[in-house]
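Undergrad: My structure is in final-v1.txt, and what it holds is compact mmCIF, C-alpha atoms:
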# COMPACT_ATOMS: atom_id res chain seq x y z
CA MET A 149 -90.10 73.82 49.09
CA THR A 150 -92.62 74.36 46.35
CA LEU A 151 -92.97 76.64 43.34
CA THR A 152 -96.34 78.04 42.31
CA VAL A 153 -96.43 79.64 38.87
CA LEU A 154 -99.11 81.43 36.88
CA GLY A 155 -99.09 80.51 33.19
CA ILE A 156 -100.58 82.66 30.42
CA GLU A 157 -101.24 81.36 26.89
CA SER A 158 -102.50 83.38 23.88
CA SER A 159 -100.55 82.14 20.85
CA CYS A 160 -103.53 81.38 18.58
CA ASP A 161 -107.25 81.36 19.34
CA ASP A 162 -107.38 80.04 22.92
CA THR A 163 -106.95 82.45 25.83
CA GLY A 164 -105.61 80.53 28.80
CA ALA A 165 -104.50 81.04 32.39
CA ALA A 166 -103.42 78.30 34.77
CA LEU A 167 -101.74 77.75 38.11
CA VAL A 168 -99.32 74.88 38.61
CA ARG A 169 -97.48 73.92 41.79
CA ALA A 170 -94.48 71.59 42.02
CA GLY A 171 -91.41 70.90 44.11
CA GLU A 172 -88.14 72.64 43.36
CA GLY A 173 -86.44 69.33 42.54
CA ALA A 174 -87.23 66.73 39.88
CA PRO A 175 -90.87 65.95 39.11
CA GLN A 176 -90.72 62.80 41.22
CA VAL A 177 -89.76 64.79 44.36
CA LEU A 178 -93.18 66.44 44.54
CA ALA A 179 -95.63 65.56 41.80
CA PRO A 180 -96.78 68.63 39.89
CA GLU A 181 -100.35 69.70 40.62
CA ILE A 182 -102.56 71.73 38.29
CA LEU A 183 -104.44 73.98 40.70
CA ALA A 184 -106.51 75.65 37.98
CA ASN A 185 -106.58 75.57 34.18
CA VAL A 186 -108.92 78.02 32.44
CA VAL A 187 -109.32 78.22 28.66
CA ALA A 188 -111.58 80.65 26.80
CA GLY A 189 -112.02 79.60 23.18
CA GLN A 190 -112.91 81.72 20.16
CA THR A 191 -114.52 79.17 17.83
CA GLU A 192 -117.73 81.17 17.39
CA LEU A 193 -115.83 84.36 16.54
CA HIS A 194 -114.04 82.71 13.60
CA ALA A 195 -116.74 80.30 12.42
CA ALA A 196 -117.90 82.48 9.53
CA PHE A 197 -114.40 82.82 8.11
CA GLY A 198 -113.38 79.17 7.83
CA GLY A 199 -110.27 79.70 9.96
CA VAL A 200 -108.64 81.91 12.58
CA VAL A 201 -108.56 85.63 11.75
CA PRO A 202 -105.46 87.07 13.48
CA GLU A 203 -106.93 90.54 14.12
CA ILE A 204 -110.10 89.13 15.68
CA ALA A 205 -108.07 86.70 17.77
CA ALA A 206 -105.80 89.46 19.11
CA ARG A 207 -108.75 91.64 20.15
CA ALA A 208 -110.44 88.71 21.87
CA HIS A 209 -107.25 87.92 23.81
CA ALA A 210 -106.98 91.52 24.97
CA GLU A 211 -110.59 91.39 26.20
CA LYS A 212 -110.32 88.04 28.00
CA LEU A 213 -106.82 87.81 29.47
CA ASP A 214 -107.56 89.60 32.74
CA LEU A 215 -110.79 87.63 33.12
CA VAL A 216 -109.18 84.20 32.73
CA VAL A 217 -106.36 85.16 35.12
CA GLU A 218 -108.90 86.25 37.73
CA GLU A 219 -110.89 83.06 37.24
CA ALA A 220 -107.81 80.85 37.55
CA LEU A 221 -106.78 82.53 40.79
CA ALA A 222 -110.30 82.21 42.17
CA ARG A 223 -110.54 78.50 41.28
CA ALA A 224 -107.20 77.84 42.97
CA GLY A 225 -108.08 79.96 46.00
CA LEU A 226 -104.90 81.99 45.57
CA THR A 227 -103.86 85.62 45.17
CA LEU A 228 -100.97 87.09 43.23
CA GLY A 229 -99.07 87.25 46.53
CA ASP A 230 -99.05 83.45 46.70
CA LEU A 231 -97.13 83.08 43.43
CA ASP A 232 -93.43 82.57 42.80
CA ALA A 233 -93.35 83.64 39.13
CA ILE A 234 -95.37 84.47 36.03
CA ALA A 235 -94.78 82.44 32.87
CA VAL A 236 -96.11 83.50 29.48
CA THR A 237 -96.01 82.26 25.91
CA ALA A 238 -93.56 84.60 24.17
CA GLY A 239 -93.79 82.81 20.80
CA PRO A 240 -94.12 81.36 18.29
CA GLY A 241 -97.64 82.20 17.21
CA LEU A 242 -99.91 84.88 15.80
CA ILE A 243 -98.03 87.99 16.81
CA GLY A 244 -101.06 89.98 17.95
CA GLY A 245 -102.13 87.28 20.36
CA VAL A 246 -98.62 86.60 21.63
CA LEU A 247 -98.09 90.32 22.21
CA SER A 248 -101.34 90.56 24.18
CA GLY A 249 -100.22 87.82 26.55
CA VAL A 250 -96.69 89.14 26.93
CA MET A 251 -97.94 92.63 27.79
CA MET A 252 -100.38 91.19 30.33
CA ALA A 253 -97.58 89.21 31.98
CA LYS A 254 -95.27 92.22 31.97
CA GLY A 255 -97.92 94.32 33.68
CA LEU A 256 -98.42 91.74 36.39
CA SER A 257 -94.69 91.32 36.88
CA ALA A 258 -94.10 95.07 37.13
CA ALA A 259 -96.96 95.50 39.60
CA THR A 260 -96.04 92.58 41.87
CA GLY A 261 -92.29 92.27 41.48
CA LEU A 262 -92.70 88.59 40.57
CA PRO A 263 -90.13 87.06 38.19
CA LEU A 264 -91.16 87.01 34.52
CA ILE A 265 -90.45 83.88 32.45
CA GLY A 266 -90.89 83.80 28.67
CA VAL A 267 -91.81 80.34 27.39
CA ASN A 268 -91.55 78.87 23.93
CA HIS A 269 -95.05 77.59 23.12
CA LEU A 270 -93.57 74.47 21.49
CA ALA A 271 -91.50 73.77 24.60
CA GLY A 272 -94.74 73.87 26.57
CA HIS A 273 -96.11 71.05 24.42
CA ALA A 274 -92.82 69.15 24.41
CA LEU A 275 -92.49 69.24 28.22
CA THR A 276 -96.11 68.31 28.95
CA PRO A 277 -95.24 64.59 29.44
CA ARG A 278 -93.01 65.71 32.31
CA LEU A 279 -96.01 67.44 33.88
CA THR A 280 -98.41 64.53 33.41
CA ASP A 281 -96.15 61.47 33.71
CA GLY A 282 -92.87 62.68 35.22
CA LEU A 283 -90.79 61.37 32.30
CA ASP A 284 -87.03 61.33 32.66
CA PHE A 285 -84.82 62.83 29.96
CA PRO A 286 -84.17 62.01 27.19
CA TYR A 287 -87.40 61.04 25.45
CA LEU A 288 -88.66 61.21 21.89
CA MET A 289 -91.48 63.67 21.27
CA LEU A 290 -93.77 63.92 18.27
CA LEU A 291 -95.12 67.45 18.45
CA VAL A 292 -98.11 67.52 16.14
CA SER A 293 -100.41 70.53 16.19
CA GLY A 294 -102.25 73.00 14.00
CA GLY A 295 -99.17 74.87 12.87
CA HIS A 296 -96.30 72.55 13.76
CA CYS A 297 -95.15 68.99 13.24
CA GLN A 298 -91.70 67.77 14.25
CA PHE A 299 -89.84 64.95 15.94
CA LEU A 300 -87.77 66.13 18.89
CA ARG A 301 -85.31 64.37 21.12
CA VAL A 302 -86.00 66.13 24.42
CA GLU A 303 -82.78 66.15 26.40
CA GLY A 304 -83.56 68.88 28.93
CA PRO A 305 -85.95 71.76 29.70
CA GLU A 306 -84.15 73.89 27.13
CA ALA A 307 -82.37 71.22 25.08
CA PHE A 308 -84.21 69.93 22.00
CA ALA A 309 -82.70 68.14 19.01
CA ARG A 310 -84.95 68.09 15.95
CA LEU A 311 -84.85 64.83 13.98
CA GLY A 312 -87.29 65.92 11.30
CA GLY A 313 -90.49 67.78 10.63
CA THR A 314 -92.89 69.02 8.00
CA ILE A 315 -91.41 70.82 5.00
CA ASP A 316 -94.71 72.53 4.24
CA ASP A 317 -98.05 72.19 6.05
CA ALA A 318 -98.67 70.70 9.48
CA PRO A 319 -101.28 67.95 9.97
CA GLY A 320 -103.54 70.34 11.85
CA GLU A 321 -103.57 72.70 8.88
CA ALA A 322 -104.27 69.75 6.61
CA PHE A 323 -107.25 68.65 8.72
CA ASP A 324 -108.62 72.20 8.70
CA LYS A 325 -108.26 72.38 4.92
CA CYS A 326 -109.93 68.97 4.53
CA ALA A 327 -112.88 70.14 6.58
CA LYS A 328 -113.18 73.34 4.57
CA LEU A 329 -113.08 71.46 1.24
CA LEU A 330 -115.84 69.12 2.42
CA GLY A 331 -118.07 71.71 4.05
CA LEU A 332 -117.38 70.63 7.63
CA PRO A 333 -117.12 73.06 10.57
CA GLN A 334 -113.91 74.34 12.12
CA PRO A 335 -111.77 73.34 13.88
CA GLY A 336 -111.26 70.69 11.25
CA GLY A 337 -109.55 67.96 13.25
CA PRO A 338 -112.50 66.90 15.44
CA ALA A 339 -114.95 67.36 12.55
CA VAL A 340 -112.97 65.14 10.17
CA GLU A 341 -112.38 62.52 12.86
CA ALA A 342 -116.10 62.33 13.66
CA GLU A 343 -117.03 62.02 9.98
CA ALA A 344 -114.32 59.40 9.36
CA LYS A 345 -115.91 57.01 11.88
CA GLN A 346 -118.64 56.29 9.33
CA GLY A 347 -116.28 55.99 6.35
CA ASP A 348 -114.21 53.44 4.47
CA PRO A 349 -110.51 54.37 4.69
CA LYS A 350 -109.62 52.15 1.71
CA ARG A 351 -112.01 53.56 -0.87
CA PHE A 352 -109.67 56.33 -2.05
CA ALA A 353 -105.97 55.77 -2.79
CA PHE A 354 -104.50 58.85 -1.18
CA PRO A 355 -100.69 59.27 -1.23
CA ARG A 356 -98.39 58.74 1.75
CA PRO A 357 -95.99 61.66 1.18
CA LEU A 358 -92.19 61.22 1.47
CA LEU A 359 -92.32 57.57 2.52
CA ASP A 360 -90.14 56.82 -0.50
CA ARG A 361 -87.39 59.06 0.89
CA PRO A 362 -85.14 58.38 3.88
CA GLY A 363 -85.32 60.44 7.05
CA CYS A 364 -88.05 61.80 9.28
CA ASP A 365 -89.24 64.83 7.31
CA LEU A 366 -92.92 65.06 6.38
CA SER A 367 -95.14 66.78 3.83
CA PHE A 368 -98.91 67.20 3.73
CA SER A 369 -99.65 69.81 1.06
CA GLY A 370 -99.84 67.18 -1.69
CA LEU A 371 -102.30 65.17 0.37
CA LYS A 372 -104.64 68.15 0.48
CA THR A 373 -104.40 68.46 -3.30
CA ALA A 374 -105.23 64.76 -3.73
CA LEU A 375 -108.31 65.19 -1.55
CA MET A 376 -109.49 68.19 -3.58
CA ARG A 377 -109.09 66.27 -6.85
CA ALA A 378 -111.00 63.28 -5.49
CA ARG A 379 -113.79 65.57 -4.35
CA ASP A 380 -113.92 67.39 -7.68
CA ALA A 381 -114.06 64.08 -9.59
CA LEU A 382 -117.05 62.95 -7.55
CA VAL A 383 -118.82 66.26 -8.07
CA ALA A 384 -118.19 66.10 -11.82
CA ASP A 385 -119.43 62.49 -12.07
CA GLN A 386 -122.54 62.71 -9.95
CA GLY A 387 -123.27 66.41 -9.54
CA GLY A 388 -122.37 66.59 -5.86
CA LEU A 389 -121.17 64.72 -2.80
CA LYS A 390 -123.22 62.10 -1.01
CA ARG A 391 -122.96 61.75 2.76
CA GLN A 392 -121.08 58.46 2.39
CA ASP A 393 -118.67 60.07 -0.09
CA ARG A 394 -117.73 62.67 2.49
CA ALA A 395 -117.28 60.08 5.21
CA ASP A 396 -115.07 57.93 2.97
CA LEU A 397 -112.98 60.94 1.95
CA CYS A 398 -112.44 61.86 5.60
CA ALA A 399 -111.57 58.28 6.55
CA GLY A 400 -109.08 57.95 3.71
CA PHE A 401 -107.52 61.33 4.46
CA GLN A 402 -107.15 60.54 8.16
CA ALA A 403 -105.67 57.11 7.39
CA ALA A 404 -103.07 58.65 5.08
CA ILE A 405 -101.93 61.04 7.81
CA ALA A 406 -101.87 58.28 10.43
CA ASP A 407 -99.91 55.92 8.17
CA THR A 408 -97.38 58.62 7.35
CA LEU A 409 -96.85 59.67 10.95
CA ALA A 410 -96.60 56.03 12.08
CA GLU A 411 -93.86 55.18 9.58
CA LYS A 412 -91.92 58.36 10.27
CA SER A 413 -92.22 57.65 14.00
CA ARG A 414 -90.61 54.24 13.47
CA ARG A 415 -87.70 55.94 11.75
CA ALA A 416 -87.39 58.58 14.48
CA LEU A 417 -87.33 55.88 17.17
CA ALA A 418 -84.65 53.98 15.26
CA ALA A 419 -82.58 57.17 15.20
CA SER A 420 -83.08 57.81 18.95
CA PRO A 421 -81.27 55.14 20.98
CA GLY A 422 -81.49 55.38 24.74
CA VAL A 423 -84.74 57.30 25.04
CA THR A 424 -86.93 56.60 28.07
CA ALA A 425 -90.26 56.88 26.23
CA PHE A 426 -92.08 57.90 23.07
CA ALA A 427 -94.47 60.80 23.67
CA VAL A 428 -96.93 62.77 21.58
CA ALA A 429 -98.40 66.21 22.24
CA GLY A 430 -100.19 69.00 20.41
CA GLY A 431 -103.77 69.40 19.27
CA VAL A 432 -103.69 66.65 16.63
CA ALA A 433 -102.54 64.23 19.36
CA ALA A 434 -106.17 64.22 20.49
CA ASN A 435 -107.05 62.13 17.40
CA ALA A 436 -107.90 58.63 18.64
CA THR A 437 -106.90 56.89 15.39
CA LEU A 438 -103.48 58.51 15.46
CA ARG A 439 -102.97 57.63 19.13
CA GLY A 440 -103.77 54.02 18.38
CA ARG A 441 -101.25 53.81 15.56
CA LEU A 442 -98.51 55.49 17.57
CA THR A 443 -99.12 53.15 20.50
CA GLU A 444 -98.46 50.23 18.15
CA VAL A 445 -95.26 51.86 16.88
CA ALA A 446 -93.91 52.36 20.41
CA GLY A 447 -94.00 48.62 21.07
CA ASP A 448 -92.36 47.83 24.41
CA LEU A 449 -91.22 51.42 24.89
CA PRO A 450 -93.53 53.44 27.18
CA PHE A 451 -95.95 55.54 25.12
CA VAL A 452 -97.19 58.74 26.70
CA ALA A 453 -100.08 60.83 25.39
CA PRO A 454 -101.28 63.59 27.73
CA PRO A 455 -104.98 63.96 28.56
CA LEU A 456 -106.94 65.57 25.74
CA ALA A 457 -107.32 68.87 27.61
CA LEU A 458 -103.53 69.17 27.79
CA CYS A 459 -102.98 68.30 24.11
CA THR A 460 -104.66 71.41 22.78
CA ASP A 461 -103.35 74.88 23.63
CA ASN A 462 -103.53 75.54 27.37
CA ALA A 463 -101.77 77.59 30.02
CA ALA A 464 -100.97 74.68 32.36
CA MET A 465 -98.19 73.55 30.02
CA ILE A 466 -96.84 77.12 29.96
CA ALA A 467 -96.83 77.33 33.76
CA TRP A 468 -95.03 73.97 33.92
CA ALA A 469 -92.43 75.01 31.35
CA GLY A 470 -91.95 78.15 33.43
CA ILE A 471 -91.27 75.99 36.50
CA GLU A 472 -88.73 73.98 34.52
CA ARG A 473 -86.93 77.19 33.49
CA LEU A 474 -87.17 78.66 36.99
CA ARG A 475 -85.49 75.57 38.44
CA LEU A 476 -82.54 76.28 36.15
CA GLY A 477 -82.40 79.86 37.42
CA HIS A 478 -83.50 81.29 34.09
CA LYS A 479 -85.67 84.40 34.16
CA ASP A 480 -86.53 87.28 31.86
CA ASP A 481 -87.15 90.98 32.45
CA LEU A 482 -89.39 93.65 31.02
CA THR A 483 -87.42 93.65 27.75
CA LEU A 484 -89.01 90.28 26.89
CA SER A 485 -90.23 90.40 23.28
CA ALA A 486 -93.11 88.64 21.54
CA ARG A 487 -91.79 86.43 18.73
CA PRO A 488 -93.84 85.17 15.78
CA ARG A 489 -91.15 82.56 15.05
CA TRP A 490 -89.02 80.70 17.56
CA PRO A 491 -87.49 77.33 16.61
CA LEU A 492 -86.85 74.92 19.48
CA ASP A 493 -83.62 73.69 17.89
CA PRO A 494 -81.81 76.81 16.63
CA SER A 495 -78.92 74.72 15.32
CA ALA A 496 -81.13 72.77 12.88
CA VAL A 497 -81.46 73.87 9.27
CA PRO A 498 -84.83 75.64 8.77
CA LEU A 499 -87.37 73.29 7.20
CA ILE A 500 -89.67 75.91 5.74
CA GLY A 501 -87.31 78.81 5.18
CA SER A 502 -86.66 82.07 6.95
CA GLY A 503 -86.87 85.79 6.45
CA LYS A 504 -86.73 88.98 8.47
CA ARG A 505 -88.70 87.35 11.28
CA GLY A 506 -86.45 84.28 11.46
CA ALA A 507 -86.87 80.60 10.66
CA LYS A 508 -90.43 79.29 10.66
CA ALA A 509 -89.50 75.91 12.06
Any chance you could give the structure as structure tokens?
TA:
Amino acid sequence: MTLTVLGIESSCDDTGAALVRAGEGAPQVLAPEILANVVAGQTELHAAFGGVVPEIAARAHAEKLDLVVEEALARAGLTLGDLDAIAVTAGPGLIGGVLSGVMMAKGLSAATGLPLIGVNHLAGHALTPRLTDGLDFPYLMLLVSGGHCQFLRVEGPEAFARLGGTIDDAPGEAFDKCAKLLGLPQPGGPAVEAEAKQGDPKRFAFPRPLLDRPGCDLSFSGLKTALMRARDALVADQGGLKRQDRADLCAGFQAAIADTLAEKSRRALAASPGVTAFAVAGGVAANATLRGRLTEVAGDLPFVAPPLALCTDNAAMIAWAGIERLRLGHKDDLTLSARPRWPLDPSAVPLIGSGKRGAKA
């Protein structure tokens, strides 16, 4: 028997809908198939602001959600009557966007009677190697995206042990800030990577944060400050930035992040005996330099990096995570809430702190 699930994603600035079909058993029983994966981006809407504006993002999600769902169904040649469940990102993320997706999924569930499955957005990323490569548990996952960065030992569809993570900014945020400081377009990751190809990564001595401390925790806020100071020094000395200056700054910045993540990955692997593979997911995992370094770190252990389209936010990973939960018999109802914060490992001490809305990570 098979399960066909509609996934809905709206946690940040990508509105996604996807249909995934798989067998009811383990991934190897019937390989998962992505029947359709539609993503509507919002880059142009936020371009003038140098980053994502939550209110604009939420309105755009509300306008596009029904359209992307219709398009996904049409591409797959299916109707709502062909589905077994509806999975939706219920957090963490920008609350307006998350709420838009949850309400859309609730409406579809109420109208069709289909089971509703709330999915942790981070679990979607962490389980993507199961969708693409059928990995067996447990495996080590480096989840590295715009707002998150953490090492996870993935022991089951709902069992994640955090080994470490960022105590301040995520690499994706750092790349965006780097691009903004140097006058490059958003999103910052692809812009900095493209510029770095023409640069000298050794020209500037940027720090490698927390490498002098044990453990797998990371920090990137100081790296952003170092970049700003290097830029300001060049501007003061020569009255502005030359094209080569910008390329060298990007190359050095990218190298510092890659070096830091590579060393911390070595430590995480050393602390994770018995894993079947080392995997990476999240938007920053699309960076070719980082992938190369992590491949070296993995050594003889299988290294899994999903296709680029499944590294950035997408609904296929949400549909797959929904299938994983459905196999366990876990479902939600119309009381499902949108959550701005939702740690994967609730037993771990919060890295960034917590408040009325809960721990950030």
Undergrad: In file coordinates, which residues lie within 8 Å of (-111.7, 58.4, 13.8) using all atoms listed in the file, given as a list in words?
TA: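 Those residues, ordered by chain and then number, are Val340, Glu341, Ala342, Glu343, Ala344, Lys345, Ala399, Gln402, Asn435, Ala436 and Thr437 of chain A.
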Undergrad: Enumerate, in order of chain and increasing residue number, the residues of range 428-479 of chain A with an atom no farther than 12 Å from range 178-197 of chain A, each with its shortest atom pair and distance in Å to one decimal, counting all atoms listed in the file, as a Markdown table.
TA:
| residue | atom | partner | partner_atom | distance |
| --- | --- | --- | --- | --- |
| A:Ala457 | CA | A:Asn185 | CA | 9.4 |
| A:Leu458 | CA | A:Asn185 | CA | 9.5 |
| A:Thr460 | CA | A:Val187 | CA | 10.1 |
| A:Asp461 | CA | A:Val187 | CA | 8.5 |
| A:Asn462 | CA | A:Val187 | CA | 6.5 |
| A:Ala463 | CA | A:Asn185 | CA | 6.7 |
| A:Ala464 | CA | A:Asn185 | CA | 6.0 |
| A:Met465 | CA | A:Ile182 | CA | 9.5 |
| A:Ile466 | CA | A:Asn185 | CA | 10.7 |
| A:Ala467 | CA | A:Ile182 | CA | 9.2 |
| A:Trp468 | CA | A:Pro180 | CA | 8.2 |
| A:Ala469 | CA | A:Pro180 | CA | 11.5 |
| A:Ile471 | CA | A:Pro180 | CA | 9.8 |
| A:Glu472 | CA | A:Pro180 | CA | 11.1 |
Undergrad: I'd like the neighbourhood of Pro349 in chain A as an NGL selection string, where a residue qualifies if any of its atoms comes within 8 Å (using all atoms listed in the file), though same-chain residues fewer than 3 positions away should be ignored.
TA: :A and (344 or 352 or 396-403)
Undergrad: Rank A:Leu291, A:Met376, A:Leu366, A:Ala309 by their smallest atom-to-atom distance to Lys325 in chain A, using all atoms listed in the file, and report the top residue only.
TA: A:Met376
Undergrad: Between A:Leu330, A:Lys350, A:Asp448, A:Ala404, which one has atoms that come closest to Val383 in chain A, using only C-alpha atoms?
TA: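 Residue with the minimum atom-to-atom distance to Val383 in chain A: A:Leu330.
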Undergrad: Quick one: residues within 10 Å of Leu417 in chain A, only C-alpha atoms counted, chain neighbours fewer than 5 positions away excluded, as a list of chain:residue names?
TA: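 Result of the neighbour search: A:Tyr287, A:Leu288, A:Met289, A:Phe299, A:Arg301, A:Leu311, A:Cys364, A:Lys412, A:Gly422, A:Val423, A:Ala425, A:Phe426, A:Val445, A:Ala446, A:Leu449.
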Undergrad: So which one's closest to Arg439 in chain A, A:Arg394, A:Ser257, A:Val292, A:Glu306? Using all atoms listed in the file, please.
TA: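 The closest residue to Arg439 in chain A is A:Val292.
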